[in-house]
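> The structure's right below; bear with me while I get my questions together.
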Amino acid sequence: MTGVVADNAQRDTVLDVSLVRKNFAGLVALDGVSLQLGRKEILGLIGPNGAGKSTLFNIIAGTLKPTSGTVTFRGRNITGLPPNRVCRLGIARTYQIPKPFLDMTVLENVYIAESFGSGRDSKVGTPAEICDLVGLKDKMHLEAGMLNVSGKKRLEVARALATSPDVLLLDEIAAGMSPTEGEWAVRFMEKMSQSYDLSIIWVEHVMRLLMKGVHRVVVLDHGVKIAEGRPEEVVNDEKVQQAYLGGKLS
Amino acid sequence: MLKGYLLVHKKNFVRDVVPWVGALVVLAFAPYFVSASLRSFLLFLLMWIALSQSFNIFTGLTGYVNFGFVAFYGLGGYGMTMTLLSLNIPIYAAMVIGGVISSLFAFAISWPTLRLRGAYFAIAMLSLAQALFVIFDNWNFVNSATGYTIPVKYYDPVLQYYYMLAVAAVTVLCLYVIMNSRLGLALKAIKQNEETAVSIGINATFYKAVAFGISAFFAGLAGGAATWTITIIDPPSAFDTTITLTAISMSMLGGLGTIAGPIIGAVILYSIEHYFGLTLPYLHLIVFGIIIIVVVLLIPQGIMGEIISRMKKSRRQEVGEEG
Amino acid sequence: MPSVLPGALVAELFILGLMYGLLYGVLAMGLTIVFGVMKVVNVAHGDFVIIGSYLSYWAFVLAGINPILSLLLTIPFGFLLGALTYLGLIRRVQNSPELMSLFLTFGISTLIGGLLLFFYSPTQRAVPVALGSIEYGSLSIPVNISIAAAYAIAVAIALRFFFYRTYWGKAVRAVIDNRTSAILVGINPDMVSLKSFGIGIAIASSVGSIVMLLQSISPLSGPDFTLISFVIVVLGGLGNPPGALVGGVVLGVVESLSSLYVNAAMTPAIGFIIMVIVLILRPQGIMGSRG
Amino acid sequence: MNRSTRRAISTMAVVGIVIVLIIVVVAGIYIATLKPKSTPTGPSVITIGMTMPLSGTFASDGQMSLNGIKLWAQDVNASGGIPVKSLGKSLPVKLIYYDDGSSASTVATDYQTLVTQNVSFLIAPYSSPLTLAAAPIAEANHLLLLSHGGASDSIWAKGYKYVVGVLSPASQYMIPVIDMLANMNPKPTNLAFFFGQDPFSLSVMSSVEPYALSKGFKIVFNQTYQETATDFTSQLAQLQASGAQVLIGGAHFTDGETIMKNLQSLGIHLNLVSLLVAPDDPHFLSDLGSLANGVTVPSQWEPNLNFSQFSPYFGNITSGQQFYNRFMTAYGIAPNYEAAEAYATGLVLEKGIIDSGSLNSTVVRQQLATENFYTFYGHFQIDSTGKQIGHTMVVAQWQSGVKQTIWPSSVATATPLYPASLQMQQPSTLSYSGQGTTSLYVGGVASESYMLSQSTHAMLAVTPTSPDRE
Amino acid sequence: MSVQGIDVYYGETKVLHDLSLKVENAELVALLGSNGAGKTTTLRTLSGLLRPAKGEIKFDSHSISELSANRIAGLGISMVPEGRGLFTTMTVRENLEMGAFAKRARREMKKTLDEVYSLFPILKDRQNQLAGSLSGGEQQMLAIGRALMSKPKLIMLDEPSLGLAPIVISKVFDALKALKENKMTIVLVEQNIDGALRIADRGYLLENGRLALEGNPTEIRNNEMVRQFYLGL
């Protein structure tokens, strides 16, 4: 571990992923990955295609069971719990390819998430307020299937927020958004994190944005954590450049 | 919860409720002004409405196609008959027990079967119903192949009509309540995207099993009421795959997942079957087959599904792309 | 139930079960190929068997053609019928959800049943061709069942040749394996589907000819054959042709040997129960490899 | 799919829906017109209602029965109708019948329809379950229900007052076969029972089993089977191993023929095979050829029976042969006992109406309780429950392509072919011309004739090589 | 091949916006861009698996935008899909035979087979093994070999380096280089920019379904946008 403590928010760890390993029919997708997420921290998770980011997300969210290793959420071992239990405990996720309930309106989508979700009173607001927050107020009564990519991504966020989470797993929220929208996403996440005591793990390929939005970055390659630290440090790391670009470009 | 959802939907109670109550009132007074033959036609039409609707409660709301649906009908019929004959309790109580037995069976098999998807689930359920048929046919506890007859002292066609009307009405009402409840919301989410549903905290396994059990309960009630009317029950009639297939065809023709759909489907198909059955013996199978083929090829969503999607389309055109 | 099992009887039952199993296994192969290529569960499979049976029956009655010879008729006729059914109906639901094809073929099954009833009345039909049995020691092996098994083996070999030695056969396997890649190498999936459906139905209706040697049939027997094929296909893994053959043999032998302990009326339940157990324990079937 | 085709298809969908709706409306109107037209001046016809299984499991039996009843109605009307004393005139007969598709629930609806159509009497559908489904409706409406094809004894054990059986109940079916076997020389010792798992066959089995034991037979094989099974070889191989000399069993049609084909392919040697229902059907011969030879069937009636010497005798048809010819001329196919019992049902009703002079079901039912007479079908007499006790079963056997009555000896037309095992292993010739079975049904009406040609007769005439003994 | 202003939708979502490209004969063109930029969609559209809603794709001056994927393959456009898309239940040799399914190629199959074997000798050793049992690198070679079997005029590869060890990656790139030298026209989608630019003649950089940059390898290397898109800084 590069051992950089980004800010004091990290001191109390909300989510602790420890030595997680996952094999798929002989292939090693994750090889002993550990990471900690602090309270109100926004952690970037990056790595080239096939590095194991999605696998890690799926393991935290309960969709996959790790071959070995543990996931601890606020001191409680949640390894191998089914996704619905994980969500009710307070970990929400978005999908890289948006998976809304297509035939329902935007508001219904959010409403369902709110009414099941964590089972507590929503700390973010009513479904309508959440739609407003993510900028879908005037599209609230449209069917989710009719939204454009950016709208669907916003809906993903709204749905995740409606479950009243403590930890938010964001998967490529900015891909498909315009640069201005992307800037909005960065500001929005920062605001959410501060106002609602939210910790975020953020996977994003639009690095320009990600690097502005996160406090700390973890880099995966071939299922192994190859770097961790502040964005500007990580970018100049030689291993990272090798993994990303196949070598130093210029 | 219900309140919040209704806010989202802005239900029009006058438009939504009045026709149903009207239909119920007409049907309730029907025995006083229609002939016995029409009453009997209506009775079995109500049975098919109840059956296609209880089929719809599970398959329409979850998207899992239950090809062994008749098992619930048969178990309800047997449950009703056997409790009636052995315990000598009022017939409505026996019917409820039949429904409960069928429901318990559904819960028992939900764990292994609901893990299966698509064609596997369909084939597994089909085989399960066939296995039940063979087992009942050989099982002395249920009087094997001979089955049971309901004693003539219970014969009362008007009362039978009202019971069937009650079963159909309660089944339709139950579907309405489910669709507007937390359970319905969860099922709707599961049907549209099970993965997302689970990711927002919905326990899909549990809700599916509940829907399965409710569907079985009402199919069992209908089976009990039908057995009372038909007066005999034996394995070939109780576990007749044709019943499953007819219920599927009816709800599919009308539109799975809608309230009015299975009712419309039942009215159309049962009328056709009754009409051709009376006049052209072999032709009704041919007509039936052609209708199914035409529906699949031309209106795969069923009549109500087609109407709804047309309404949506025209609304979309009003709103314009992306509103 | 005999307290001591005579070895010859057990051996005979085993051979009978094996031979019947081969025939039904081959029948199920027709179903499983169609599923593998198109993801279509053909509920009308058994009804195509009956069509073949009736064709053989009339060939026999009108022209005195032996059911074995009428294979020459039912195989091409089945293929043509299958191809036409595919072009006219199945093709239109190929890309819809599995459910739709299930409904469609159910409609076809109902239609065929109705048409057969309309034209042939509900009476049973059989052909008076007797072939006797081969006595071997204390074993007596029926000739007609042997012919059925021989035909099944021939079909299995022919299919194996087709799948592993011919270009189109390999193309069928390629489509089953990876549809997108198959298209990308230039295989026309519609042609493959057409041929597979033709082959599936040719198998069904030719088995119908063989069935005429073994038993009596009626227009309503179709669904019975469909059910047997379903059980076998699930045992062997949907979309897995060799699995279907294995599934058929397993089912045939188990049912035959179980007749020593179980009343015949219970026998059909054995197949269903095995199948439900297999589905629960190994949803991919006995031969399935995916974990 | 591009937009224009999609639009075309939805247009077609709308057209489809409209067509379906039209059909429904027409159906509705049709059903509405089924309501009785008011007849203020008393009945001008005798209306008799029934359903028949013209499709589904019992379709072939239903078709035969319907033909029998229709023939009776024709004959009655041709002779000027039935004289009704209370009205002082003869009235023609009108039949109203529907297809019940072998479904009990359809029977329940259709009989409700029938009772609103001014029917005076009801005739039951073929088969026991369907008769049981019709019975409560008849009972509740006080209408006579004559059963011609519902044999199960349980029908008369439910306390119905209006259900009258014309045929011998199931418990009587195999009794004469056992009697016959007990008289055979050498008498067989080991019997095998292989019945279908259905109410009728089980009912037959439950009475024949104790009866056979009481006659000193040993039952060495006893199983039941599902009618839908496609082969019975593994069970029959065990039957063979059990050392059984006689096979008694069966259920209906397809299964009976399949049992025969399986027996033949296994080369099983049996002295006698007696199966329910299937061998009585003329198809049994055309479908199985020489394999049919020697197979026996318990029968309610055979064409070669003649009861005209008994008194009192009722009906214009005086002999089985006469009925056979009459039926052949009308439908072009040979009648089986189902056709005969259905025709006889008409005769029983006719006799009841004439003797009571009334069209009131209750009166006619009381009259029938006192009747004791013969028709070409045999004896009629019922007990207090309405169950048939007068009529007796006979045993028929295929001999050289002809179905002969072999038991009881008082009415026998031939001596039993016993042991009859030899034909079982004779491979029939592959060049069989098969002219016997070209009965092509269109919409349930036989359009081509069933006729055994001379050449077929000659070919099937396999001379029994074993001496006939009795 | 030339692509003129195509729009492509996934359902109702527009994923490619007015995209135009050109591929000259015997040229190796690299399509670059971060995840979700639209590279794979572009390839799927060119191979006929997706239909452009607008615009035209021309190959040898014939329009192919309306042809089905198997027809396009028959014309000599061969694609190695992402994840290789092998027929895992068939042998190596059968996979290669399937590659030559198009009538044009089938006649010369024997000859082509030898050529592929000489390019990737390991495939010959493994010819009777099931494709699913090969190692990742061997599978990638088989996928390329299968594409070559159709005697293509144009070959398109989707992320051939994905999931491979660095040594194997360089082997794959060497093979591509060899192909290019044999006058094969190649379109390469890669996230390994360095490797791709080393062998490419020209490159296109996509971002959010739009063309962001076009040029020769050196121009792209020196453009700041690349580092920004990939690394954000």
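Going by the structure tokens order, chains are called A, B, ..., each with residues numbered from 1, while ligands are numbered from 1 in the order shown.
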Find the residues near stretch 229-245 of chain B: any atom within 6 Å, counting only C-alpha atoms, skip ones fewer than 6 places away on the same chain, and give them as a ChimeraX atom specification.
/B:69-71,74,133,137,147-150 /D:105,108,133
> Write out as a tab-separated table the residues of chain A that have any atom within 9 Å of an atom of chain B, one row each with the nearest atom pair and its distance in Å to one decimal, counting only C-alpha atoms, sorted by chain and then rising number.

residue	atom	partner	partner_atom	distance
A:Ala61	CA	B:Ser199	CA	7.6
A:Gly62	CA	B:Ser199	CA	8.7
A:Thr63	CA	B:Ser199	CA	8.4
A:Pro82	CA	B:Val198	CA	8.3
A:Pro83	CA	B:Ser199	CA	5.5
A:Asn84	CA	B:Gly201	CA	3.7
A:Arg85	CA	B:Gly201	CA	6.2
A:Val86	CA	B:Gly201	CA	7.4
A:Cys87	CA	B:Gly201	CA	5.0
A:Arg88	CA	B:Gly201	CA	5.4
A:Leu89	CA	B:Gly201	CA	8.9
A:Ala92	CA	B:Ile200	CA	7.0
A:Arg93	CA	B:Ser199	CA	7.1
A:Thr94	CA	B:Ser199	CA	8.7
A:Tyr95	CA	B:Thr196	CA	8.6
A:Lys99	CA	B:Thr196	CA	6.4
A:Pro100	CA	B:Thr196	CA	7.2
A:Phe101	CA	B:Gln192	CA	5.5
A:Leu102	CA	B:Gln192	CA	7.0
A:Asp103	CA	B:Gln192	CA	7.6
A:Met104	CA	B:Ala189	CA	8.8
A:Leu107	CA	B:Val8	CA	7.2
A:Glu108	CA	B:Val8	CA	6.8
A:Asn109	CA	B:Ala189	CA	8.5
A:Tyr111	CA	B:Tyr5	CA	7.7
A:Ile112	CA	B:Leu185	CA	6.9
A:Ala113	CA	B:Ile200	CA	5.5
A:Glu114	CA	B:Ile200	CA	8.4
A:Ser115	CA	B:Met1	CA	7.3
A:Phe116	CA	B:Gly201	CA	5.8
A:Gly117	CA	B:Gly201	CA	5.0
A:Ser118	CA	B:Gly201	CA	6.9
A:Gly119	CA	B:Gly201	CA	8.6
A:Asp138	CA	B:Gly323	CA	8.5
A:Lys139	CA	B:Gly323	CA	7.2
A:His141	CA	B:Val8	CA	8.7
A:Leu142	CA	B:Gly323	CA	7.6
A:Met146	CA	B:Glu322	CA	5.9
A:Leu147	CA	B:Glu322	CA	6.1
A:Asn148	CA	B:Glu322	CA	7.4
A:Arg159	CA	B:Ile200	CA	7.9
A:Ala160	CA	B:Ile200	CA	7.2
A:Ala162	CA	B:Ile200	CA	8.9
A:Thr163	CA	B:Ile200	CA	6.4
> Given a cut-off of 6 Å, which residues of chain C touch chain D, counting only C-alpha atoms, written out as a PyMOL selection string?
chain C and resi 13+61+64+118-124+126-128+130-133+142+215-216+256+263-265
> Compute the set of chain E residues within 8 Å of chain C, using only C-alpha atoms, and express it as a PDB file with all heavy atoms, in the first residue's frame.

ATOM      1  N   SER E  47     -19.636  -4.878 -39.363  1.00  0.00           N
ATOM      2  CA  SER E  47     -19.778  -6.294 -39.720  1.00  0.00           C
ATOM      3  C   SER E  47     -21.237  -6.679 -39.947  1.00  0.00           C
ATOM      4  O   SER E  47     -21.525  -7.816 -40.264  1.00  0.00           O
ATOM      5  CB  SER E  47     -19.170  -7.170 -38.636  1.00  0.00           C
ATOM      6  OG  SER E  47     -19.882  -6.992 -37.447  1.00  0.00           O
ATOM      7  N   ALA E  69     -25.374  -9.772 -41.747  1.00  0.00           N
ATOM      8  CA  ALA E  69     -24.000 -10.003 -41.319  1.00  0.00           C
ATOM      9  C   ALA E  69     -23.344 -11.149 -42.071  1.00  0.00           C
ATOM     10  O   ALA E  69     -22.161 -11.072 -42.429  1.00  0.00           O
ATOM     11  CB  ALA E  69     -23.975 -10.261 -39.822  1.00  0.00           C
ATOM     12  N   ASN E  70     -24.108 -12.221 -42.322  1.00  0.00           N
ATOM     13  CA  ASN E  70     -23.461 -13.352 -42.988  1.00  0.00           C
ATOM     14  C   ASN E  70     -23.145 -13.031 -44.450  1.00  0.00           C
ATOM     15  O   ASN E  70     -22.156 -13.510 -44.989  1.00  0.00           O
ATOM     16  CB  ASN E  70     -24.300 -14.624 -42.849  1.00  0.00           C
ATOM     17  CG  ASN E  70     -25.726 -14.469 -43.320  1.00  0.00           C
ATOM     18  OD1 ASN E  70     -26.471 -13.661 -42.776  1.00  0.00           O
ATOM     19  ND2 ASN E  70     -26.086 -15.206 -44.351  1.00  0.00           N
ATOM     20  N   ARG E  71     -23.949 -12.166 -45.078  1.00  0.00           N
ATOM     21  CA  ARG E  71     -23.635 -11.737 -46.442  1.00  0.00           C
ATOM     22  C   ARG E  71     -22.368 -10.891 -46.453  1.00  0.00           C
ATOM     23  O   ARG E  71     -21.509 -11.047 -47.332  1.00  0.00           O
ATOM     24  CB  ARG E  71     -24.810 -10.922 -47.022  1.00  0.00           C
ATOM     25  CG  ARG E  71     -26.066 -11.712 -47.291  1.00  0.00           C
ATOM     26  CD  ARG E  71     -25.980 -12.473 -48.608  1.00  0.00           C
ATOM     27  NE  ARG E  71     -25.659 -11.609 -49.738  1.00  0.00           N
ATOM     28  CZ  ARG E  71     -26.530 -10.842 -50.367  1.00  0.00           C
ATOM     29  NH1 ARG E  71     -27.781 -10.810 -49.947  1.00  0.00           N
ATOM     30  NH2 ARG E  71     -26.162 -10.104 -51.399  1.00  0.00           N
ATOM     31  N   ILE E  72     -22.274  -9.993 -45.484  1.00  0.00           N
ATOM     32  CA  ILE E  72     -21.084  -9.141 -45.406  1.00  0.00           C
ATOM     33  C   ILE E  72     -19.835  -9.995 -45.214  1.00  0.00           C
ATOM     34  O   ILE E  72     -18.813  -9.776 -45.862  1.00  0.00           O
ATOM     35  CB  ILE E  72     -21.243  -8.120 -44.261  1.00  0.00           C
ATOM     36  CG1 ILE E  72     -22.348  -7.127 -44.643  1.00  0.00           C
ATOM     37  CG2 ILE E  72     -19.939  -7.396 -43.977  1.00  0.00           C
ATOM     38  CD1 ILE E  72     -22.651  -6.098 -43.587  1.00  0.00           C
ATOM     39  N   ALA E  73     -19.965 -11.019 -44.342  1.00  0.00           N
ATOM     40  CA  ALA E  73     -18.834 -11.920 -44.150  1.00  0.00           C
ATOM     41  C   ALA E  73     -18.473 -12.588 -45.474  1.00  0.00           C
ATOM     42  O   ALA E  73     -17.303 -12.763 -45.798  1.00  0.00           O
ATOM     43  CB  ALA E  73     -19.184 -12.961 -43.091  1.00  0.00           C
ATOM     44  N   GLY E  74     -19.489 -12.938 -46.240  1.00  0.00           N
ATOM     45  CA  GLY E  74     -19.257 -13.574 -47.526  1.00  0.00           C
ATOM     46  C   GLY E  74     -18.534 -12.664 -48.505  1.00  0.00           C
ATOM     47  O   GLY E  74     -17.835 -13.148 -49.411  1.00  0.00           O
ATOM     48  N   SER E  78     -14.019  -9.805 -42.509  1.00  0.00           N
ATOM     49  CA  SER E  78     -13.958 -10.813 -41.475  1.00  0.00           C
ATOM     50  C   SER E  78     -13.744 -10.117 -40.140  1.00  0.00           C
ATOM     51  O   SER E  78     -13.005  -9.144 -40.064  1.00  0.00           O
ATOM     52  CB  SER E  78     -12.791 -11.741 -41.783  1.00  0.00           C
ATOM     53  OG  SER E  78     -12.992 -12.936 -41.143  1.00  0.00           O
ATOM     54  N   MET E  79     -14.417 -10.625 -39.114  1.00  0.00           N
ATOM     55  CA  MET E  79     -14.272  -9.959 -37.827  1.00  0.00           C
ATOM     56  C   MET E  79     -13.874 -10.940 -36.744  1.00  0.00           C
ATOM     57  O   MET E  79     -14.368 -12.057 -36.684  1.00  0.00           O
ATOM     58  CB  MET E  79     -15.590  -9.286 -37.446  1.00  0.00           C
ATOM     59  CG  MET E  79     -15.640  -8.871 -36.000  1.00  0.00           C
ATOM     60  SD  MET E  79     -16.597  -7.388 -35.768  1.00  0.00           S
ATOM     61  CE  MET E  79     -17.424  -7.745 -34.247  1.00  0.00           C
ATOM     62  N   PRO E  81     -14.368 -11.150 -33.030  1.00  0.00           N
ATOM     63  CA  PRO E  81     -15.120 -10.418 -32.014  1.00  0.00           C
ATOM     64  C   PRO E  81     -14.398 -10.351 -30.677  1.00  0.00           C
ATOM     65  O   PRO E  81     -13.462 -11.123 -30.425  1.00  0.00           O
ATOM     66  CB  PRO E  81     -16.419 -11.230 -31.895  1.00  0.00           C
ATOM     67  CG  PRO E  81     -16.065 -12.590 -32.345  1.00  0.00           C
ATOM     68  CD  PRO E  81     -14.954 -12.449 -33.341  1.00  0.00           C
ATOM     69  N   GLY E  85     -14.952 -15.284 -29.375  1.00  0.00           N
ATOM     70  CA  GLY E  85     -16.112 -15.943 -29.971  1.00  0.00           C
ATOM     71  C   GLY E  85     -15.796 -17.244 -30.663  1.00  0.00           C
ATOM     72  O   GLY E  85     -16.326 -17.548 -31.732  1.00  0.00           O
ATOM     73  N   LEU E  86     -14.938 -18.045 -30.065  1.00  0.00           N
ATOM     74  CA  LEU E  86     -14.626 -19.343 -30.689  1.00  0.00           C
ATOM     75  C   LEU E  86     -15.790 -20.314 -30.502  1.00  0.00           C
ATOM     76  O   LEU E  86     -16.632 -20.126 -29.630  1.00  0.00           O
ATOM     77  CB  LEU E  86     -13.371 -19.932 -30.045  1.00  0.00           C
ATOM     78  CG  LEU E  86     -12.097 -19.157 -30.281  1.00  0.00           C
ATOM     79  CD1 LEU E  86     -10.949 -19.821 -29.545  1.00  0.00           C
ATOM     80  CD2 LEU E  86     -11.790 -19.094 -31.775  1.00  0.00           C
ATOM     81  N   PHE E  87     -15.826 -21.337 -31.341  1.00  0.00           N
ATOM     82  CA  PHE E  87     -16.762 -22.438 -31.126  1.00  0.00           C
ATOM     83  C   PHE E  87     -16.078 -23.404 -30.165  1.00  0.00           C
ATOM     84  O   PHE E  87     -15.313 -24.271 -30.585  1.00  0.00           O
ATOM     85  CB  PHE E  87     -17.105 -23.121 -32.443  1.00  0.00           C
ATOM     86  CG  PHE E  87     -17.637 -22.155 -33.476  1.00  0.00           C
ATOM     87  CD1 PHE E  87     -17.006 -22.012 -34.709  1.00  0.00           C
ATOM     88  CD2 PHE E  87     -18.750 -21.377 -33.202  1.00  0.00           C
ATOM     89  CE1 PHE E  87     -17.492 -21.125 -35.650  1.00  0.00           C
ATOM     90  CE2 PHE E  87     -19.236 -20.483 -34.140  1.00  0.00           C
ATOM     91  CZ  PHE E  87     -18.608 -20.350 -35.364  1.00  0.00           C
ATOM     92  N   THR E  88     -16.326 -23.215 -28.896  1.00  0.00           N
ATOM     93  CA  THR E  88     -15.505 -23.913 -27.899  1.00  0.00           C
ATOM     94  C   THR E  88     -15.735 -25.417 -27.882  1.00  0.00           C
ATOM     95  O   THR E  88     -14.887 -26.155 -27.411  1.00  0.00           O
ATOM     96  CB  THR E  88     -15.788 -23.352 -26.493  1.00  0.00           C
ATOM     97  OG1 THR E  88     -17.212 -23.319 -26.315  1.00  0.00           O
ATOM     98  CG2 THR E  88     -15.231 -21.968 -26.326  1.00  0.00           C
ATOM     99  N   THR E  89     -16.890 -25.858 -28.378  1.00  0.00           N
ATOM    100  CA  THR E  89     -17.150 -27.301 -28.354  1.00  0.00           C
ATOM    101  C   THR E  89     -16.679 -27.979 -29.641  1.00  0.00           C
ATOM    102  O   THR E  89     -16.932 -29.156 -29.853  1.00  0.00           O
ATOM    103  CB  THR E  89     -18.646 -27.595 -28.175  1.00  0.00           C
ATOM    104  OG1 THR E  89     -19.357 -26.960 -29.247  1.00  0.00           O
ATOM    105  CG2 THR E  89     -19.170 -27.040 -26.866  1.00  0.00           C
ATOM    106  N   MET E  90     -16.017 -27.217 -30.505  1.00  0.00           N
ATOM    107  CA  MET E  90     -15.510 -27.806 -31.739  1.00  0.00           C
ATOM    108  C   MET E  90     -13.984 -27.780 -31.702  1.00  0.00           C
ATOM    109  O   MET E  90     -13.377 -27.014 -30.960  1.00  0.00           O
ATOM    110  CB  MET E  90     -16.041 -27.028 -32.948  1.00  0.00           C
ATOM    111  CG  MET E  90     -17.562 -27.057 -33.020  1.00  0.00           C
ATOM    112  SD  MET E  90     -18.274 -25.938 -34.228  1.00  0.00           S
ATOM    113  CE  MET E  90     -18.109 -26.880 -35.718  1.00  0.00           C
ATOM    114  N   GLU E  94     -11.850 -27.704 -36.874  1.00  0.00           N
ATOM    115  CA  GLU E  94     -13.219 -27.399 -37.261  1.00  0.00           C
ATOM    116  C   GLU E  94     -13.498 -25.898 -37.194  1.00  0.00           C
ATOM    117  O   GLU E  94     -14.205 -25.341 -38.036  1.00  0.00           O
ATOM    118  CB  GLU E  94     -14.213 -28.151 -36.361  1.00  0.00           C
ATOM    119  CG  GLU E  94     -14.355 -29.607 -36.725  1.00  0.00           C
ATOM    120  CD  GLU E  94     -15.215 -30.386 -35.753  1.00  0.00           C
ATOM    121  OE1 GLU E  94     -15.268 -29.996 -34.559  1.00  0.00           O
ATOM    122  OE2 GLU E  94     -15.809 -31.384 -36.162  1.00  0.00           O
ATOM    123  N   MET E  98     -14.737 -23.736 -40.317  1.00  0.00           N
ATOM    124  CA  MET E  98     -15.914 -22.868 -40.282  1.00  0.00           C
ATOM    125  C   MET E  98     -15.559 -21.467 -40.767  1.00  0.00           C
ATOM    126  O   MET E  98     -16.381 -20.775 -41.377  1.00  0.00           O
ATOM    127  CB  MET E  98     -16.475 -22.789 -38.859  1.00  0.00           C
ATOM    128  CG  MET E  98     -17.263 -23.987 -38.450  1.00  0.00           C
ATOM    129  SD  MET E  98     -18.716 -24.226 -39.464  1.00  0.00           S
ATOM    130  CE  MET E  98     -18.256 -25.602 -40.431  1.00  0.00           C
ATOM    131  N   GLY E  99     -14.330 -21.080 -40.494  1.00  0.00           N
ATOM    132  CA  GLY E  99     -13.891 -19.767 -40.967  1.00  0.00           C
ATOM    133  C   GLY E  99     -13.992 -19.652 -42.475  1.00  0.00           C
ATOM    134  O   GLY E  99     -14.262 -18.583 -43.028  1.00  0.00           O
ATOM    135  N   ALA E 100     -13.788 -20.785 -43.151  1.00  0.00           N
ATOM    136  CA  ALA E 100     -13.836 -20.776 -44.614  1.00  0.00           C
ATOM    137  C   ALA E 100     -15.223 -21.149 -45.100  1.00  0.00           C
ATOM    138  O   ALA E 100     -15.380 -21.782 -46.123  1.00  0.00           O
ATOM    139  CB  ALA E 100     -12.805 -21.753 -45.167  1.00  0.00           C
ATOM    140  N   PHE E 101     -16.260 -20.748 -44.363  1.00  0.00           N
ATOM    141  CA  PHE E 101     -17.608 -21.172 -44.736  1.00  0.00           C
ATOM    142  C   PHE E 101     -18.069 -20.548 -46.050  1.00  0.00           C
ATOM    143  O   PHE E 101     -18.756 -21.189 -46.841  1.00  0.00           O
ATOM    144  CB  PHE E 101     -18.596 -20.825 -43.620  1.00  0.00           C
ATOM    145  CG  PHE E 101     -19.918 -21.492 -43.801  1.00  0.00           C
ATOM    146  CD1 PHE E 101     -20.122 -22.776 -43.355  1.00  0.00           C
ATOM    147  CD2 PHE E 101     -20.942 -20.855 -44.473  1.00  0.00           C
ATOM    148  CE1 PHE E 101     -21.317 -23.413 -43.551  1.00  0.00           C
ATOM    149  CE2 PHE E 101     -22.159 -21.482 -44.680  1.00  0.00           C
ATOM    150  CZ  PHE E 101     -22.337 -22.775 -44.214  1.00  0.00           C
ATOM    151  N   ALA E 102     -17.678 -19.303 -46.254  1.00  0.00           N
ATOM    152  CA  ALA E 102     -18.118 -18.614 -47.472  1.00  0.00           C
ATOM    153  C   ALA E 102     -17.680 -19.414 -48.704  1.00  0.00           C
ATOM    154  O   ALA E 102     -16.567 -19.948 -48.745  1.00  0.00           O
ATOM    155  CB  ALA E 102     -17.544 -17.215 -47.511  1.00  0.00           C
ATOM    156  N   ALA E 147     -10.495 -16.062 -38.797  1.00  0.00           N
ATOM    157  CA  ALA E 147     -10.879 -14.916 -39.620  1.00  0.00           C
ATOM    158  C   ALA E 147     -10.135 -14.952 -40.962  1.00  0.00           C
ATOM    159  O   ALA E 147     -10.695 -14.620 -42.008  1.00  0.00           O
ATOM    160  CB  ALA E 147     -10.592 -13.624 -38.881  1.00  0.00           C
ATOM    161  N   SER E 150     -11.331 -17.122 -44.224  1.00  0.00           N
ATOM    162  CA  SER E 150     -12.333 -16.720 -45.202  1.00  0.00           C
ATOM    163  C   SER E 150     -11.707 -15.955 -46.354  1.00  0.00           C
ATOM    164  O   SER E 150     -12.424 -15.402 -47.178  1.00  0.00           O
ATOM    165  CB  SER E 150     -13.407 -15.871 -44.516  1.00  0.00           C
ATOM    166  OG  SER E 150     -12.823 -14.662 -44.090  1.00  0.00           O
TER     167      SER E 150
END
> Would you please extract all strand (DSSP E) residues from stretch 66-204 of chain A, as assigned by DSSP on the backbone, and give them as a ChimeraX atom specification?
/A:68-73,76-77,91-93,167-171,199-203
